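Printed here is input.pdb (PDB, C-alpha atoms, pLDDT in the B column):
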```
ATOM      1  CA  MET A   1     -36.320  45.146 -32.134  1.00 84.00           C
ATOM      2  CA  GLU A   2     -35.945  47.755 -29.406  1.00 84.00           C
ATOM      3  CA  GLU A   3     -39.579  47.342 -28.419  1.00 87.00           C
ATOM      4  CA  VAL A   4     -38.989  43.652 -27.692  1.00 88.00           C
ATOM      5  CA  LEU A   5     -35.767  44.367 -25.814  1.00 88.00           C
ATOM      6  CA  ASP A   6     -37.503  47.016 -23.725  1.00 88.00           C
ATOM      7  CA  VAL A   7     -40.213  44.512 -22.809  1.00 88.00           C
ATOM      8  CA  TYR A   8     -37.594  42.024 -21.647  1.00 89.00           C
ATOM      9  CA  ALA A   9     -36.022  44.754 -19.504  1.00 87.00           C
ATOM     10  CA  GLU A  10     -39.289  45.525 -17.694  1.00 86.00           C
ATOM     11  CA  PRO A  11     -39.359  44.329 -14.055  1.00 84.00           C
ATOM     12  CA  PRO A  12     -41.309  41.058 -13.746  1.00 83.00           C
ATOM     13  CA  GLY A  13     -44.764  41.240 -12.210  1.00 77.00           C
ATOM     14  CA  THR A  14     -47.357  38.624 -11.379  1.00 74.00           C
ATOM     15  CA  ASP A  15     -50.288  40.861 -12.327  1.00 87.00           C
ATOM     16  CA  GLU A  16     -48.840  41.492 -15.821  1.00 92.00           C
ATOM     17  CA  PRO A  17     -46.701  38.436 -16.663  1.00 95.00           C
ATOM     18  CA  LEU A  18     -44.467  38.265 -19.702  1.00 95.00           C
ATOM     19  CA  VAL A  19     -45.156  35.272 -21.947  1.00 96.00           C
ATOM     20  CA  CYS A  20     -43.365  34.360 -25.168  1.00 96.00           C
ATOM     21  CA  MET A  21     -44.982  32.073 -27.718  1.00 96.00           C
ATOM     22  CA  ASP A  22     -43.825  30.312 -30.840  1.00 96.00           C
ATOM     23  CA  GLU A  23     -45.047  27.554 -33.128  1.00 96.00           C
ATOM     24  CA  ALA A  24     -43.455  24.532 -34.734  1.00 95.00           C
ATOM     25  CA  SER A  25     -44.530  21.256 -36.294  1.00 94.00           C
ATOM     26  CA  LYS A  26     -43.732  17.629 -35.575  1.00 95.00           C
ATOM     27  CA  GLN A  27     -44.008  14.945 -38.220  1.00 93.00           C
ATOM     28  CA  LEU A  28     -45.405  11.686 -36.889  1.00 93.00           C
ATOM     29  CA  LEU A  29     -43.282   8.791 -38.128  1.00 85.00           C
ATOM     30  CA  GLY A  30     -43.760   5.084 -37.508  1.00 81.00           C
ATOM     31  CA  ASP A  31     -41.414   2.156 -38.034  1.00 75.00           C
ATOM     32  CA  VAL A  32     -41.884  -0.134 -41.031  1.00 77.00           C
ATOM     33  CA  VAL A  33     -39.500  -2.692 -39.542  1.00 82.00           C
ATOM     34  CA  LYS A  34     -39.450  -3.262 -35.797  1.00 81.00           C
ATOM     35  CA  PRO A  35     -36.267  -1.748 -34.301  1.00 76.00           C
ATOM     36  CA  LEU A  36     -33.696  -3.902 -32.564  1.00 74.00           C
ATOM     37  CA  ALA A  37     -33.682  -3.103 -28.857  1.00 81.00           C
ATOM     38  CA  MET A  38     -30.658  -1.674 -27.058  1.00 79.00           C
ATOM     39  CA  GLU A  39     -28.144  -4.124 -25.676  1.00 81.00           C
ATOM     40  CA  ARG A  40     -25.024  -3.685 -23.630  1.00 86.00           C
ATOM     41  CA  GLY A  41     -22.623  -1.767 -25.828  1.00 83.00           C
ATOM     42  CA  LYS A  42     -25.153  -1.426 -28.657  1.00 81.00           C
ATOM     43  CA  PRO A  43     -27.584   1.467 -29.252  1.00 82.00           C
ATOM     44  CA  LEU A  44     -31.130   1.116 -30.573  1.00 75.00           C
ATOM     45  CA  ARG A  45     -30.916  -0.069 -34.174  1.00 74.00           C
ATOM     46  CA  GLN A  46     -33.572   1.381 -36.419  1.00 74.00           C
ATOM     47  CA  ASP A  47     -34.236   0.816 -40.102  1.00 75.00           C
ATOM     48  CA  TYR A  48     -34.109   3.934 -42.272  1.00 77.00           C
ATOM     49  CA  HIS A  49     -37.529   3.176 -43.795  1.00 79.00           C
ATOM     50  CA  TYR A  50     -40.430   4.838 -42.013  1.00 76.00           C
ATOM     51  CA  GLN A  51     -44.158   5.377 -42.283  1.00 84.00           C
ATOM     52  CA  ARG A  52     -45.667   8.871 -42.428  1.00 87.00           C
ATOM     53  CA  ASN A  53     -48.585   9.367 -40.030  1.00 89.00           C
ATOM     54  CA  GLY A  54     -49.279  13.054 -40.532  1.00 92.00           C
ATOM     55  CA  THR A  55     -48.075  16.101 -38.622  1.00 94.00           C
ATOM     56  CA  ARG A  56     -49.024  17.976 -35.459  1.00 96.00           C
ATOM     57  CA  ALA A  57     -48.783  21.715 -34.856  1.00 96.00           C
ATOM     58  CA  LEU A  58     -46.986  22.654 -31.633  1.00 97.00           C
ATOM     59  CA  PHE A  59     -47.841  25.779 -29.645  1.00 97.00           C
ATOM     60  CA  MET A  60     -45.200  26.782 -27.092  1.00 97.00           C
ATOM     61  CA  PHE A  61     -45.929  29.317 -24.360  1.00 97.00           C
ATOM     62  CA  LEU A  62     -43.090  30.316 -22.021  1.00 96.00           C
ATOM     63  CA  ALA A  63     -43.046  32.744 -19.071  1.00 94.00           C
ATOM     64  CA  PRO A  64     -39.262  33.280 -18.821  1.00 92.00           C
ATOM     65  CA  HIS A  65     -39.342  35.076 -15.450  1.00 91.00           C
ATOM     66  CA  LEU A  66     -41.534  32.426 -13.821  1.00 91.00           C
ATOM     67  CA  GLY A  67     -39.902  29.257 -15.090  1.00 91.00           C
ATOM     68  CA  TRP A  68     -43.233  28.139 -16.525  1.00 94.00           C
ATOM     69  CA  ARG A  69     -44.097  26.770 -19.930  1.00 95.00           C
ATOM     70  CA  ARG A  70     -46.964  25.013 -21.685  1.00 97.00           C
ATOM     71  CA  VAL A  71     -46.706  23.142 -24.963  1.00 97.00           C
ATOM     72  CA  ASN A  72     -49.745  21.819 -26.785  1.00 96.00           C
ATOM     73  CA  ALA A  73     -50.144  19.855 -30.016  1.00 96.00           C
ATOM     74  CA  ARG A  74     -53.023  20.428 -32.418  1.00 97.00           C
ATOM     75  CA  ALA A  75     -54.062  19.061 -35.779  1.00 95.00           C
ATOM     76  CA  GLN A  76     -53.441  22.439 -37.411  1.00 94.00           C
ATOM     77  CA  ARG A  77     -52.479  26.025 -36.639  1.00 93.00           C
ATOM     78  CA  THR A  78     -55.151  28.312 -37.988  1.00 96.00           C
ATOM     79  CA  ARG A  79     -56.459  31.606 -36.628  1.00 96.00           C
ATOM     80  CA  ARG A  80     -59.075  29.708 -34.670  1.00 97.00           C
ATOM     81  CA  ASP A  81     -56.480  27.392 -33.129  1.00 97.00           C
ATOM     82  CA  TRP A  82     -54.358  30.350 -32.044  1.00 97.00           C
ATOM     83  CA  ALA A  83     -57.406  32.101 -30.597  1.00 98.00           C
ATOM     84  CA  GLU A  84     -58.334  29.044 -28.539  1.00 98.00           C
ATOM     85  CA  GLU A  85     -54.768  28.799 -27.236  1.00 98.00           C
ATOM     86  CA  ILE A  86     -54.906  32.467 -26.210  1.00 98.00           C
ATOM     87  CA  GLN A  87     -58.193  31.918 -24.402  1.00 98.00           C
ATOM     88  CA  HIS A  88     -56.593  29.053 -22.483  1.00 98.00           C
ATOM     89  CA  LEU A  89     -53.563  31.219 -21.697  1.00 98.00           C
ATOM     90  CA  LEU A  90     -55.680  34.016 -20.250  1.00 98.00           C
ATOM     91  CA  ASP A  91     -58.460  32.079 -18.538  1.00 97.00           C
ATOM     92  CA  VAL A  92     -56.687  28.899 -17.396  1.00 97.00           C
ATOM     93  CA  ASP A  93     -52.950  29.598 -17.209  1.00 97.00           C
ATOM     94  CA  PHE A  94     -53.140  33.172 -15.898  1.00 96.00           C
ATOM     95  CA  PRO A  95     -56.730  33.826 -14.760  1.00 96.00           C
ATOM     96  CA  GLN A  96     -55.689  36.373 -12.109  1.00 94.00           C
ATOM     97  CA  ALA A  97     -53.435  38.434 -14.375  1.00 95.00           C
ATOM     98  CA  LYS A  98     -54.626  41.931 -15.156  1.00 95.00           C
ATOM     99  CA  ARG A  99     -52.905  41.757 -18.517  1.00 96.00           C
ATOM    100  CA  VAL A 100     -50.510  39.371 -20.273  1.00 97.00           C
ATOM    101  CA  THR A 101     -47.705  40.707 -22.440  1.00 96.00           C
ATOM    102  CA  LEU A 102     -47.271  38.278 -25.311  1.00 97.00           C
ATOM    103  CA  VAL A 103     -44.111  38.270 -27.423  1.00 96.00           C
ATOM    104  CA  CYS A 104     -44.556  36.427 -30.719  1.00 95.00           C
ATOM    105  CA  ASP A 105     -43.569  36.655 -34.352  1.00 93.00           C
ATOM    106  CA  ASN A 106     -45.626  38.600 -36.854  1.00 90.00           C
ATOM    107  CA  LEU A 107     -47.392  35.660 -38.456  1.00 90.00           C
ATOM    108  CA  ASN A 108     -50.756  36.791 -39.828  1.00 91.00           C
ATOM    109  CA  THR A 109     -52.656  34.647 -37.320  1.00 95.00           C
ATOM    110  CA  HIS A 110     -51.018  36.343 -34.331  1.00 95.00           C
ATOM    111  CA  ASP A 111     -53.334  39.287 -33.838  1.00 95.00           C
ATOM    112  CA  THR A 112     -56.641  40.142 -32.202  1.00 96.00           C
ATOM    113  CA  ALA A 113     -58.490  39.605 -35.499  1.00 97.00           C
ATOM    114  CA  SER A 114     -58.108  35.880 -34.827  1.00 97.00           C
ATOM    115  CA  LEU A 115     -60.053  36.288 -31.581  1.00 97.00           C
ATOM    116  CA  TYR A 116     -62.941  37.906 -33.422  1.00 97.00           C
ATOM    117  CA  GLU A 117     -62.927  35.163 -36.047  1.00 97.00           C
ATOM    118  CA  ARG A 118     -63.233  32.452 -33.397  1.00 97.00           C
ATOM    119  CA  PHE A 119     -65.387  34.048 -30.674  1.00 97.00           C
ATOM    120  CA  LYS A 120     -68.398  36.308 -30.401  1.00 97.00           C
ATOM    121  CA  PRO A 121     -67.499  40.023 -30.279  1.00 97.00           C
ATOM    122  CA  ALA A 122     -68.028  40.401 -26.524  1.00 98.00           C
ATOM    123  CA  GLU A 123     -65.767  37.452 -25.722  1.00 98.00           C
ATOM    124  CA  ALA A 124     -63.139  38.504 -28.271  1.00 97.00           C
ATOM    125  CA  HIS A 125     -63.106  42.026 -26.813  1.00 98.00           C
ATOM    126  CA  ARG A 126     -62.770  40.661 -23.269  1.00 97.00           C
ATOM    127  CA  LEU A 127     -59.738  38.589 -24.258  1.00 98.00           C
ATOM    128  CA  ALA A 128     -58.136  41.347 -26.337  1.00 97.00           C
ATOM    129  CA  ALA A 129     -58.428  43.782 -23.423  1.00 97.00           C
ATOM    130  CA  ARG A 130     -56.217  41.501 -21.325  1.00 97.00           C
ATOM    131  CA  LEU A 131     -53.644  40.949 -24.044  1.00 97.00           C
ATOM    132  CA  ARG A 132     -50.697  43.135 -25.040  1.00 96.00           C
ATOM    133  CA  ILE A 133     -49.064  41.751 -28.174  1.00 97.00           C
ATOM    134  CA  VAL A 134     -45.458  42.633 -29.004  1.00 95.00           C
ATOM    135  CA  HIS A 135     -44.251  41.301 -32.360  1.00 95.00           C
ATOM    136  CA  THR A 136     -40.661  40.437 -33.125  1.00 93.00           C
ATOM    137  CA  PRO A 137     -39.369  42.093 -36.326  1.00 87.00           C
ATOM    138  CA  CYS A 138     -39.027  40.269 -39.617  1.00 85.00           C
ATOM    139  CA  ASN A 139     -35.863  38.155 -39.611  1.00 79.00           C
ATOM    140  CA  GLY A 140     -35.670  38.704 -35.854  1.00 79.00           C
ATOM    141  CA  SER A 141     -37.166  35.491 -34.516  1.00 80.00           C
ATOM    142  CA  TRP A 142     -34.007  35.005 -32.411  1.00 84.00           C
ATOM    143  CA  LEU A 143     -35.452  37.682 -30.118  1.00 88.00           C
ATOM    144  CA  ASN A 144     -38.243  35.314 -29.100  1.00 91.00           C
ATOM    145  CA  VAL A 145     -37.236  33.276 -26.036  1.00 91.00           C
ATOM    146  CA  ALA A 146     -39.920  30.697 -26.879  1.00 93.00           C
ATOM    147  CA  GLU A 147     -37.887  29.776 -29.946  1.00 92.00           C
ATOM    148  CA  ILE A 148     -35.050  28.765 -27.631  1.00 90.00           C
ATOM    149  CA  GLU A 149     -37.460  26.675 -25.585  1.00 92.00           C
ATOM    150  CA  LEU A 150     -38.704  24.931 -28.720  1.00 93.00           C
ATOM    151  CA  SER A 151     -35.097  24.111 -29.548  1.00 92.00           C
ATOM    152  CA  MET A 152     -34.719  22.545 -26.085  1.00 91.00           C
ATOM    153  CA  LEU A 153     -37.913  20.562 -26.643  1.00 94.00           C
ATOM    154  CA  SER A 154     -36.661  19.294 -29.979  1.00 92.00           C
ATOM    155  CA  ARG A 155     -33.328  18.224 -28.511  1.00 92.00           C
ATOM    156  CA  ASP A 156     -34.719  16.658 -25.327  1.00 90.00           C
ATOM    157  CA  CYS A 157     -37.911  15.054 -26.569  1.00 88.00           C
ATOM    158  CA  LEU A 158     -38.645  15.218 -30.284  1.00 91.00           C
ATOM    159  CA  ASN A 159     -35.392  14.076 -31.892  1.00 87.00           C
ATOM    160  CA  ARG A 160     -36.751  10.576 -32.490  1.00 87.00           C
ATOM    161  CA  ARG A 161     -39.652   8.858 -34.171  1.00 85.00           C
ATOM    162  CA  ILE A 162     -43.053   9.330 -32.569  1.00 90.00           C
ATOM    163  CA  ASP A 163     -45.758   7.503 -34.460  1.00 90.00           C
ATOM    164  CA  ASN A 164     -49.094   8.857 -33.202  1.00 94.00           C
ATOM    165  CA  ALA A 165     -50.735  11.904 -31.655  1.00 95.00           C
ATOM    166  CA  GLN A 166     -51.544  10.215 -28.335  1.00 95.00           C
ATOM    167  CA  ARG A 167     -47.932   9.244 -27.757  1.00 94.00           C
ATOM    168  CA  LEU A 168     -46.788  12.729 -28.732  1.00 96.00           C
ATOM    169  CA  ASP A 169     -49.184  14.305 -26.211  1.00 96.00           C
ATOM    170  CA  LYS A 170     -47.873  12.000 -23.490  1.00 95.00           C
ATOM    171  CA  GLU A 171     -44.251  12.831 -24.280  1.00 95.00           C
ATOM    172  CA  LEU A 172     -44.960  16.572 -24.362  1.00 96.00           C
ATOM    173  CA  ALA A 173     -46.770  16.431 -21.013  1.00 96.00           C
ATOM    174  CA  ALA A 174     -43.876  14.584 -19.375  1.00 94.00           C
ATOM    175  CA  TRP A 175     -41.291  17.029 -20.742  1.00 94.00           C
ATOM    176  CA  GLN A 176     -43.389  20.035 -19.728  1.00 95.00           C
ATOM    177  CA  SER A 177     -43.910  18.690 -16.209  1.00 94.00           C
ATOM    178  CA  HIS A 178     -40.194  18.036 -15.740  1.00 92.00           C
ATOM    179  CA  ARG A 179     -39.199  21.514 -16.942  1.00 92.00           C
ATOM    180  CA  ASN A 180     -41.836  23.233 -14.796  1.00 93.00           C
ATOM    181  CA  GLU A 181     -40.975  21.258 -11.674  1.00 91.00           C
ATOM    182  CA  ASN A 182     -37.389  22.450 -12.020  1.00 83.00           C
ATOM    183  CA  GLN A 183     -38.585  26.008 -12.822  1.00 78.00           C
ATOM    184  CA  ARG A 184     -36.181  26.437 -15.703  1.00 76.00           C
ATOM    185  CA  ARG A 185     -36.026  30.230 -16.041  1.00 78.00           C
ATOM    186  CA  VAL A 186     -34.471  32.369 -18.746  1.00 80.00           C
ATOM    187  CA  LYS A 187     -32.428  35.451 -17.916  1.00 79.00           C
ATOM    188  CA  TRP A 188     -32.307  37.651 -20.989  1.00 81.00           C
ATOM    189  CA  GLN A 189     -29.129  39.762 -20.987  1.00 80.00           C
ATOM    190  CA  PHE A 190     -29.075  41.393 -24.439  1.00 81.00           C
ATOM    191  CA  THR A 191     -30.285  44.967 -23.915  1.00 81.00           C
ATOM    192  CA  THR A 192     -31.250  47.910 -26.097  1.00 80.00           C
ATOM    193  CA  ALA A 193     -27.898  49.521 -25.296  1.00 84.00           C
ATOM    194  CA  ASP A 194     -26.137  46.350 -26.462  1.00 81.00           C
ATOM    195  CA  ALA A 195     -28.113  46.381 -29.702  1.00 80.00           C
ATOM    196  CA  ARG A 196     -27.116  49.974 -30.475  1.00 81.00           C
ATOM    197  CA  THR A 197     -23.464  49.011 -30.068  1.00 82.00           C
ATOM    198  CA  ARG A 198     -23.226  45.490 -31.433  1.00 81.00           C
ATOM    199  CA  LEU A 199     -25.889  45.789 -34.137  1.00 83.00           C
ATOM    200  CA  ARG A 200     -25.276  49.410 -35.135  1.00 80.00           C
ATOM    201  CA  ARG A 201     -25.133  48.367 -38.806  1.00 79.00           C
ATOM    202  CA  LEU A 202     -28.904  47.788 -38.601  1.00 78.00           C
ATOM    203  CA  TYR A 203     -29.573  51.393 -37.589  1.00 77.00           C
ATOM    204  CA  PRO A 204     -29.819  54.165 -40.183  1.00 76.00           C
ATOM    205  CA  SER A 205     -26.747  56.389 -40.358  1.00 71.00           C
ATOM    206  CA  LEU A 206     -27.486  60.029 -39.683  1.00 55.00           C
TER     207      LEU A 206
END
```
Would you encode the structure as structure tokens?
Amino acid sequence: MEEVLDVYAEPPGTDEPLVCMDEASKQLLGDVVKPLAMERGKPLRQDYHYQRNGTRALFMFLAPHLGWRRVNARAQRTRRDWAEEIQHLLDVDFPQAKRVTLVCDNLNTHDTASLYERFKPAEAHRLAARLRIVHTPCNGSWLNVAEIELSMLSRDCLNRRIDNAQRLDKELAAWQSHRNENQRRVKWQFTTADARTRLRRLYPSL
């Protein structure tokens, strides 16, 4: 826990940006009966029956100091998918960064072994050299700011039926663009000193 909090306390820098990432899933649901459109004084009326159209894996990347985020939907979230997202992060999102500090949970796909499974050794080594991974502790996902951003995404954009992958991609792009244009930053205020006081029960007693 303290390692993550110390990372958040580091001064922001453009050559070594801090990025938090998290994953979620979105079930694609279609209407069986056409909804009744909104009218004055009446909300959208939607039948409770729905059609399942599969799921999409969401990858959220958030640079809290920069007010930047990228969310992408994929068919699945395997080691290879994560590796390709990391390549995009390093080579497209932050090509000039000397190194990216990545805060993520300790899912078994979130390590440099995934890079070697997807890419040739030279390419995997090149990417790993520019990546500093900091894992949140077990049962400590609340320390990951990207989880908060996913909650915002769910509330703003995903709390309704979306029936196909193309529509989902369009909705995600619009939400991402709006958030980035407004540079919605996150100011993390919970420090290591706070943890030692407020969460002292988690520390061993000497």
Which neighbours of His88 (chain A) fall inside 12 Å, counting all atoms listed in the file, when residues of the same chain fewer than 4 positions from it are skipped, and could you give them as a list in words?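 After dropping sequence-adjacent residues, the list is Phe59, Phe61, Arg70, Val71, Asn72, Asp81, Trp82, Ala83, Glu84, Val92, Asp93, Phe94, Pro95 and Leu127 of chain A.
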Fill in: Spatial neighbours of Asp169 (chain A), max dist 12 Å, all atoms listed in the file, sep filter under 5 positions, as a list of chain:residue names
A:Lys26, A:Leu28, A:Arg56, A:Ala57, A:Leu58, A:Arg70, A:Val71, A:Asn72, A:Ala73, A:Arg74, A:Ala75, A:Cys157, A:Leu158, A:Ile162, A:Asp163, A:Asn164, A:Ala174, A:Trp175, A:Gln176
If the PyMOL selection byres ((chain A and resi 1) around 12) is run on the structure shown, which residues does it catch, given as a PDB file with C-alpha atoms, in the frame of the given file?
```
ATOM      1  CA  GLU A   2     -35.945  47.755 -29.406  1.00 84.00           C
ATOM      2  CA  GLU A   3     -39.579  47.342 -28.419  1.00 87.00           C
ATOM      3  CA  VAL A   4     -38.989  43.652 -27.692  1.00 88.00           C
ATOM      4  CA  LEU A   5     -35.767  44.367 -25.814  1.00 88.00           C
ATOM      5  CA  ASP A   6     -37.503  47.016 -23.725  1.00 88.00           C
ATOM      6  CA  VAL A   7     -40.213  44.512 -22.809  1.00 88.00           C
ATOM      7  CA  TYR A   8     -37.594  42.024 -21.647  1.00 89.00           C
ATOM      8  CA  VAL A 103     -44.111  38.270 -27.423  1.00 96.00           C
ATOM      9  CA  ASP A 105     -43.569  36.655 -34.352  1.00 93.00           C
ATOM     10  CA  VAL A 134     -45.458  42.633 -29.004  1.00 95.00           C
ATOM     11  CA  HIS A 135     -44.251  41.301 -32.360  1.00 95.00           C
ATOM     12  CA  THR A 136     -40.661  40.437 -33.125  1.00 93.00           C
ATOM     13  CA  PRO A 137     -39.369  42.093 -36.326  1.00 87.00           C
ATOM     14  CA  CYS A 138     -39.027  40.269 -39.617  1.00 85.00           C
ATOM     15  CA  ASN A 139     -35.863  38.155 -39.611  1.00 79.00           C
ATOM     16  CA  GLY A 140     -35.670  38.704 -35.854  1.00 79.00           C
ATOM     17  CA  SER A 141     -37.166  35.491 -34.516  1.00 80.00           C
ATOM     18  CA  TRP A 142     -34.007  35.005 -32.411  1.00 84.00           C
ATOM     19  CA  LEU A 143     -35.452  37.682 -30.118  1.00 88.00           C
ATOM     20  CA  ASN A 144     -38.243  35.314 -29.100  1.00 91.00           C
ATOM     21  CA  PHE A 190     -29.075  41.393 -24.439  1.00 81.00           C
ATOM     22  CA  THR A 191     -30.285  44.967 -23.915  1.00 81.00           C
ATOM     23  CA  THR A 192     -31.250  47.910 -26.097  1.00 80.00           C
ATOM     24  CA  ALA A 193     -27.898  49.521 -25.296  1.00 84.00           C
ATOM     25  CA  ASP A 194     -26.137  46.350 -26.462  1.00 81.00           C
ATOM     26  CA  ALA A 195     -28.113  46.381 -29.702  1.00 80.00           C
ATOM     27  CA  ARG A 196     -27.116  49.974 -30.475  1.00 81.00           C
ATOM     28  CA  LEU A 199     -25.889  45.789 -34.137  1.00 83.00           C
ATOM     29  CA  LEU A 202     -28.904  47.788 -38.601  1.00 78.00           C
ATOM     30  CA  TYR A 203     -29.573  51.393 -37.589  1.00 77.00           C
TER      31      TYR A 203
END
```
Output of the PyMOL selection byres ((chain A and resi 186) around 10), listed as an MDAnalysis selection string:
chainID A and resid 62:68 145:146 148:149 183:185 187:189
Pairwise distance, CA of Arg77 (chain A) with CA of Leu131 (chain A), equals 19.6 Å
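Between CA of Arg198 (chain A) and CA of Leu107 (chain A) the separation is 27.0 Å.
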Exercise for the section: Take CA of Leu153 (chain A) and CA of Val32 (chain A) and report the distance between them in Å, one decimal. Expected result: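 Taking CA of Leu153 (chain A) as the start and CA of Val32 (chain A) as the end point, the length is 25.5 Å.
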Nearest residue to Leu102 (chain A) out of A:Arg161, A:Arg80, A:Lys42, A:Leu90, using all atoms listed in the file?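 Between A:Arg161, A:Arg80, A:Lys42, A:Leu90, the residue approaching Leu102 (chain A) most closely is A:Leu90.
Distance check against Asp47 (chain A) using only C-alpha atoms: of A:Val33, A:Met60, A:Thr78, A:Leu89, the minimum falls on A:Val33.
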Residues within 12 Å of (-56.3, 40.5, -11.6), counting all atoms listed in the file, listed as a ChimeraX atom specification: /A:13-17,90-91,94-100,130
Those same residues, written as a short mmCIF file (atom, residue, chain, number, x, y, z; two decimals), in the frame of the given file with C-alpha atoms?
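out-v3.cif was written with the following content:
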```
data_model
loop_
_atom_site.label_atom_id
_atom_site.label_comp_id
_atom_site.auth_asym_id
_atom_site.auth_seq_id
_atom_site.Cartn_x
_atom_site.Cartn_y
_atom_site.Cartn_z
CA GLY A 13 -44.76 41.24 -12.21
CA THR A 14 -47.36 38.62 -11.38
CA ASP A 15 -50.29 40.86 -12.33
CA GLU A 16 -48.84 41.49 -15.82
CA PRO A 17 -46.70 38.44 -16.66
CA LEU A 90 -55.68 34.02 -20.25
CA ASP A 91 -58.46 32.08 -18.54
CA PHE A 94 -53.14 33.17 -15.90
CA PRO A 95 -56.73 33.83 -14.76
CA GLN A 96 -55.69 36.37 -12.11
CA ALA A 97 -53.44 38.43 -14.38
CA LYS A 98 -54.63 41.93 -15.16
CA ARG A 99 -52.90 41.76 -18.52
CA VAL A 100 -50.51 39.37 -20.27
CA ARG A 130 -56.22 41.50 -21.32
#
```
Exercise. Quick one: of A:Arg160, A:Arg69, A:His110, A:Arg118, who's nearest to Asp31 (chain A), counting all atoms listed in the file?
Worked result: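 Closest to Asp31 (chain A), using all atoms listed in the file: A:Arg160.
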Would you fill out region 138-155 of chain A with N, CA and C atoms and return it as a PDB file, in the coordinates of the input?
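Wrote it out as result18.pdb, contents follow:
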```pdb
ATOM      1  N   CYS A 138     -39.346  41.246 -38.575  1.00 85.00           N
ATOM      2  CA  CYS A 138     -39.027  40.269 -39.617  1.00 85.00           C
ATOM      3  C   CYS A 138     -37.534  39.924 -39.540  1.00 85.00           C
ATOM      4  N   ASN A 139     -37.231  38.659 -39.713  1.00 79.00           N
ATOM      5  CA  ASN A 139     -35.863  38.155 -39.611  1.00 79.00           C
ATOM      6  C   ASN A 139     -35.271  38.362 -38.214  1.00 79.00           C
ATOM      7  N   GLY A 140     -36.150  38.513 -37.219  1.00 79.00           N
ATOM      8  CA  GLY A 140     -35.670  38.704 -35.854  1.00 79.00           C
ATOM      9  C   GLY A 140     -36.279  37.706 -34.897  1.00 79.00           C
ATOM     10  N   SER A 141     -36.536  36.494 -35.373  1.00 80.00           N
ATOM     11  CA  SER A 141     -37.166  35.491 -34.516  1.00 80.00           C
ATOM     12  C   SER A 141     -36.260  35.082 -33.358  1.00 80.00           C
ATOM     13  N   TRP A 142     -34.941  35.345 -33.481  1.00 84.00           N
ATOM     14  CA  TRP A 142     -34.007  35.005 -32.411  1.00 84.00           C
ATOM     15  C   TRP A 142     -34.303  35.798 -31.137  1.00 84.00           C
ATOM     16  N   LEU A 143     -35.074  36.880 -31.280  1.00 88.00           N
ATOM     17  CA  LEU A 143     -35.452  37.682 -30.118  1.00 88.00           C
ATOM     18  C   LEU A 143     -36.534  37.012 -29.280  1.00 88.00           C
ATOM     19  N   ASN A 144     -37.149  35.983 -29.804  1.00 91.00           N
ATOM     20  CA  ASN A 144     -38.243  35.314 -29.100  1.00 91.00           C
ATOM     21  C   ASN A 144     -37.678  34.166 -28.264  1.00 91.00           C
ATOM     22  N   VAL A 145     -37.785  34.297 -26.929  1.00 91.00           N
ATOM     23  CA  VAL A 145     -37.236  33.276 -26.036  1.00 91.00           C
ATOM     24  C   VAL A 145     -37.928  31.932 -26.241  1.00 91.00           C
ATOM     25  N   ALA A 146     -39.198  31.953 -26.662  1.00 93.00           N
ATOM     26  CA  ALA A 146     -39.920  30.697 -26.879  1.00 93.00           C
ATOM     27  C   ALA A 146     -39.273  29.868 -27.974  1.00 93.00           C
ATOM     28  N   GLU A 147     -38.583  30.523 -28.902  1.00 92.00           N
ATOM     29  CA  GLU A 147     -37.887  29.776 -29.946  1.00 92.00           C
ATOM     30  C   GLU A 147     -36.755  28.957 -29.340  1.00 92.00           C
ATOM     31  N   ILE A 148     -36.102  29.506 -28.331  1.00 90.00           N
ATOM     32  CA  ILE A 148     -35.050  28.765 -27.631  1.00 90.00           C
ATOM     33  C   ILE A 148     -35.646  27.560 -26.914  1.00 90.00           C
ATOM     34  N   GLU A 149     -36.811  27.768 -26.306  1.00 92.00           N
ATOM     35  CA  GLU A 149     -37.460  26.675 -25.585  1.00 92.00           C
ATOM     36  C   GLU A 149     -37.901  25.571 -26.545  1.00 92.00           C
ATOM     37  N   LEU A 150     -38.353  25.936 -27.715  1.00 93.00           N
ATOM     38  CA  LEU A 150     -38.704  24.931 -28.720  1.00 93.00           C
ATOM     39  C   LEU A 150     -37.475  24.137 -29.143  1.00 93.00           C
ATOM     40  N   SER A 151     -36.331  24.803 -29.216  1.00 92.00           N
ATOM     41  CA  SER A 151     -35.097  24.111 -29.548  1.00 92.00           C
ATOM     42  C   SER A 151     -34.739  23.094 -28.465  1.00 92.00           C
ATOM     43  N   MET A 152     -34.955  23.474 -27.188  1.00 91.00           N
ATOM     44  CA  MET A 152     -34.719  22.545 -26.085  1.00 91.00           C
ATOM     45  C   MET A 152     -35.670  21.347 -26.177  1.00 91.00           C
ATOM     46  N   LEU A 153     -36.924  21.628 -26.495  1.00 94.00           N
ATOM     47  CA  LEU A 153     -37.913  20.562 -26.643  1.00 94.00           C
ATOM     48  C   LEU A 153     -37.507  19.596 -27.744  1.00 94.00           C
ATOM     49  N   SER A 154     -37.066  20.133 -28.857  1.00 92.00           N
ATOM     50  CA  SER A 154     -36.661  19.294 -29.979  1.00 92.00           C
ATOM     51  C   SER A 154     -35.477  18.407 -29.605  1.00 92.00           C
ATOM     52  N   ARG A 155     -34.529  18.980 -28.883  1.00 92.00           N
ATOM     53  CA  ARG A 155     -33.328  18.224 -28.511  1.00 92.00           C
ATOM     54  C   ARG A 155     -33.627  17.178 -27.431  1.00 92.00           C
TER      55      ARG A 155
END
```
